[in-house]
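S.K.: Before anything else, here's the structure in question.
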Amino acid sequence: MAEGSELIKEYIHSPERQQQLYRRSLTIVIIAQLFGGAGLAAGVTVGGLLAQDMLGTDSLAGVPSALLTLGAASSALLVGRLSGRLGRRVGLTAGFFAGGIGAIGVVFAAIADNLPLLFASMLIYGAGTSTNLQARYAGTDLAQPKQRARAVSLAMVFTTFGAVAGPNLVGVMGRFATSVGAPALAGPFMLAAVAFILAGLVIWAFLRPDPYIVSKAIAEAHQANPSKTAVDADLLAPTVRNRGIIIGTTVMVLTQLVMVAIMTMTPVHMKHHGHGLSAVGMVIGIHVAAMFLPSLVTGVLVDKVGRTFMSYASGITLLLAGLLAAWAPADSMVWLIVALALLGLGWNFGLISGTAQIIDATSPATRAKTQGTVDVLVSLAGASGGALSGMVVANSSFAFLSLAGGFLSLLLIPVMIWLRRDRSIDQNEKRLAQ
């Protein structure tokens with residue numbers, strides 16, 4: 001055991017020590033998420049603008065976003081595997097540091113007006129965004145089944161604070177960049193570099209003993225001396241575990257696909273109908289708030305009423321969002337705000353309930369690797385939704401896209417009913433809720 005066998009043994013047979021470490025680990029994750037959220041949002045806000053400024057054309061302005069998504073998807077797999085082998089502390093620190101190095105590369109690319117360096121750096125910068133998402137799992141490693149969704153929700157809420165602060169510092173960082181002889185658009189990436197590196201330092205310095213390594217040691221001890229009250233995924237039949245992973249993945253992938261597709265084209269739809277940038281900013285700002293701020297309540301609901309119920313609620317909420325976005329008068333700010341708020345809320349329900357189902361269905365030995373793989377699929381679903389949305393609208397309309405997204409999300413219900421036809425899945429969820 002990398003952290004010291006004697007130290008970890010103190011936690012194996014002491015539920016009180018386990019809960020103390022759980023609360024401490026969650027606190028460390030929350031602090032890291034504050035920094036990580038700022039690093040993510042500050043860079044994403046101006047990535048396309050920087051490419052546009054360096055190129056002098058809109059033709060490749062979307063490339064940084066695509067490279068960021070590709071980098072996030074590939075690094076999610078690497079961070080998951082690294083965490084599985086060496087612990088969350090090593091995996092998350094490496095991911096955050098890579099994101100910081102990528103942001104530094106973007107700054108130098110802007111100063112040197114070097115487009116290939118910009119694109120390569122954006123690919124590496126994507127590691128910070130995926131690590132920020134994967135950090136939500138670290139707070140759940142020692143959580144009791146009834147605490148898992150709430151632990152995820154806490155991490156998401158505090159990510160919001162950093163994500164809101166980042167874009168609001170764009171002007172300040174732009175002025176700082178010009179004062180040191182760099183282009184103004186490099187300023188937010190200076191903030192991103194510092195924020196990601198600070199997040200990595202917080203994880204490296206304070207996430208010890210590593211909660212993932214401790215949870216694996218506890219699971220190994222339970223396997224050697226199984227108890228009747230154990231609810232570890234290792235005690236479930238392989239078919240039940242695999243189906244649980246498929247269910248959680250399906251929920252997160254579908255909700256990500258629908259949310260990104262409709263969200264991506266909403267500003268374009270609004271611009272075509274005479275709305276200004278301030279109106280677009282308000283609608284998207286409320287949407288982002290609805291994605292994260294309800295998390296505290298959502299986490300409690302997922303733990304109390306169950307993962308299945310909240311997954312169904314996700315599908316229905318996204319359907320309502322799609323219907324409203326399609327049928328709302330294009331000049332009505334109120335209805336657009338309601339539609340995009342519901343879109344964010346439905347995504348929130350799906351991400352937290354799906355994440356909890358993945359945790360329930362995986363054992364500590366394989367959990368980090370599986371989580372990394374699932375996050376790759378979620379990232380690719382978002383990239384696909386964003387890419388396809390433009391083509392759908394170009395060949396039909398925003399209303400068609402919204403209706404298609406809404407009805408696609410409704411497929412969650414029959415798919416989950418079919419996947420959950422084995423009653424042992426429901427029995428396990430009831431055990432976890434007790």
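Quick note on naming: the chains in the structure tokens go A, B, ... in the order shown, residues restart at 1 in each chain, and ligands are numbered from 1 in order of appearance.
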Just want the 7 Å neighbourhood of segment 301-305 of chain A, counted on only C-alpha atoms, with same-chain residues fewer than 4 positions away dropped. Output as a list of chain:residue names.

M.R.: A:Lys146, A:Gln147, A:Ala149, A:Val297, A:Phe309, A:Met310, A:Ser353, A:Ala433

S.K.: Find the spatial neighbours of segment 82-98 of chain A, counting only C-alpha atoms, within a cut-off of 6 Å - ignore same-chain residues fewer than 2 positions away - and output them as a count of residues only.

M.R.: 16

S.K.: Residues near Pro364 of chain A, anyone? I mean within 10 Å using only C-alpha atoms, not counting same-chain ones fewer than 5 positions away, as an MDAnalysis selection string.

M.R.: chainID A and resid 84 141:142 212:220 232:234 359 369

S.K.: Save the residues we just selected, N, CA and C atoms, as a CSV table (one decimal), in the first residue's frame?

M.R.:
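Result file follows (part_30.csv):
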```csv
chain,number,residue,atom,x,y,z
A,84,GLY,N,-6.9,4.2,-10.9
A,84,GLY,CA,-7.1,2.8,-10.5
A,84,GLY,C,-5.8,2.1,-10.0
A,141,ASP,N,-15.6,7.9,-2.5
A,141,ASP,CA,-14.9,6.6,-2.3
A,141,ASP,C,-15.2,6.0,-1.0
A,142,LEU,N,-15.3,6.8,0.0
A,142,LEU,CA,-15.6,6.3,1.4
A,142,LEU,C,-17.0,6.6,1.9
A,212,TYR,N,-9.3,6.4,-2.1
A,212,TYR,CA,-9.5,5.3,-3.1
A,212,TYR,C,-8.7,4.1,-2.6
A,213,ILE,N,-7.5,4.3,-2.2
A,213,ILE,CA,-6.6,3.2,-1.7
A,213,ILE,C,-7.2,2.6,-0.4
A,214,VAL,N,-7.7,3.5,0.4
A,214,VAL,CA,-8.3,3.0,1.7
A,214,VAL,C,-9.6,2.2,1.4
A,215,SER,N,-10.4,2.7,0.4
A,215,SER,CA,-11.6,2.0,0.1
A,215,SER,C,-11.3,0.6,-0.5
A,216,LYS,N,-10.2,0.5,-1.3
A,216,LYS,CA,-9.8,-0.8,-1.8
A,216,LYS,C,-9.4,-1.8,-0.7
A,217,ALA,N,-8.6,-1.2,0.3
A,217,ALA,CA,-8.2,-2.0,1.4
A,217,ALA,C,-9.4,-2.5,2.2
A,218,ILE,N,-10.4,-1.7,2.4
A,218,ILE,CA,-11.6,-2.1,3.2
A,218,ILE,C,-12.3,-3.2,2.4
A,219,ALA,N,-12.4,-3.0,1.1
A,219,ALA,CA,-13.1,-4.0,0.3
A,219,ALA,C,-12.4,-5.4,0.4
A,220,GLU,N,-11.1,-5.3,0.3
A,220,GLU,CA,-10.3,-6.6,0.4
A,220,GLU,C,-10.5,-7.3,1.8
A,232,ASP,N,-21.2,-4.2,-0.8
A,232,ASP,CA,-20.2,-3.9,-1.8
A,232,ASP,C,-20.6,-4.5,-3.1
A,233,ALA,N,-20.3,-3.9,-4.2
A,233,ALA,CA,-20.7,-4.4,-5.5
A,233,ALA,C,-20.1,-5.8,-5.8
A,234,ASP,N,-18.9,-6.1,-5.1
A,234,ASP,CA,-18.4,-7.5,-5.3
A,234,ASP,C,-19.3,-8.6,-4.9
A,359,ILE,N,-21.4,4.2,-9.3
A,359,ILE,CA,-20.7,3.9,-8.1
A,359,ILE,C,-21.3,2.7,-7.4
A,369,LYS,N,-11.1,2.9,-12.9
A,369,LYS,CA,-11.0,2.6,-14.4
A,369,LYS,C,-12.3,2.7,-15.1
```

S.K.: Could you list, as a PyMOL selection string, every residue within 12 Å of Met270 of chain A, counting only C-alpha atoms and ignoring same-chain residues fewer than 2 positions away?

M.R.: chain A and resi 263-268+272-284+325+328-333+336-337+398

S.K.: Near segment 314-324 of chain A, within 6 Å and counting only C-alpha atoms, which residues show up once chain neighbours fewer than 5 positions away are dropped, as a list in words?

M.R.: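 Neighbouring residues, sequence-local ones excluded: Ala339, Leu342, Leu343, Gly346, Phe349, Gly350, Ser402, Leu403, Gly406, Phe407, Ser409, Leu410 and Leu412 of chain A.
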
S.K.: Taking the DSSP secondary structure from the backbone, can you list the residues of segment 96-306 of chain A that are helix (DSSP H, G or I), as a ChimeraX atom specification?

M.R.: /A:96-112,115-138,145-168,170-179,184-206,211-224,233-235,238-272,277-292,295-305

S.K.: Looking at only C-alpha atoms, which of A:Met156, A:Ala72, A:Val170, A:Met391 is the one that sits closest to Asn348 of chain A?

M.R.: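 The closest residue to Asn348 of chain A is A:Met156.
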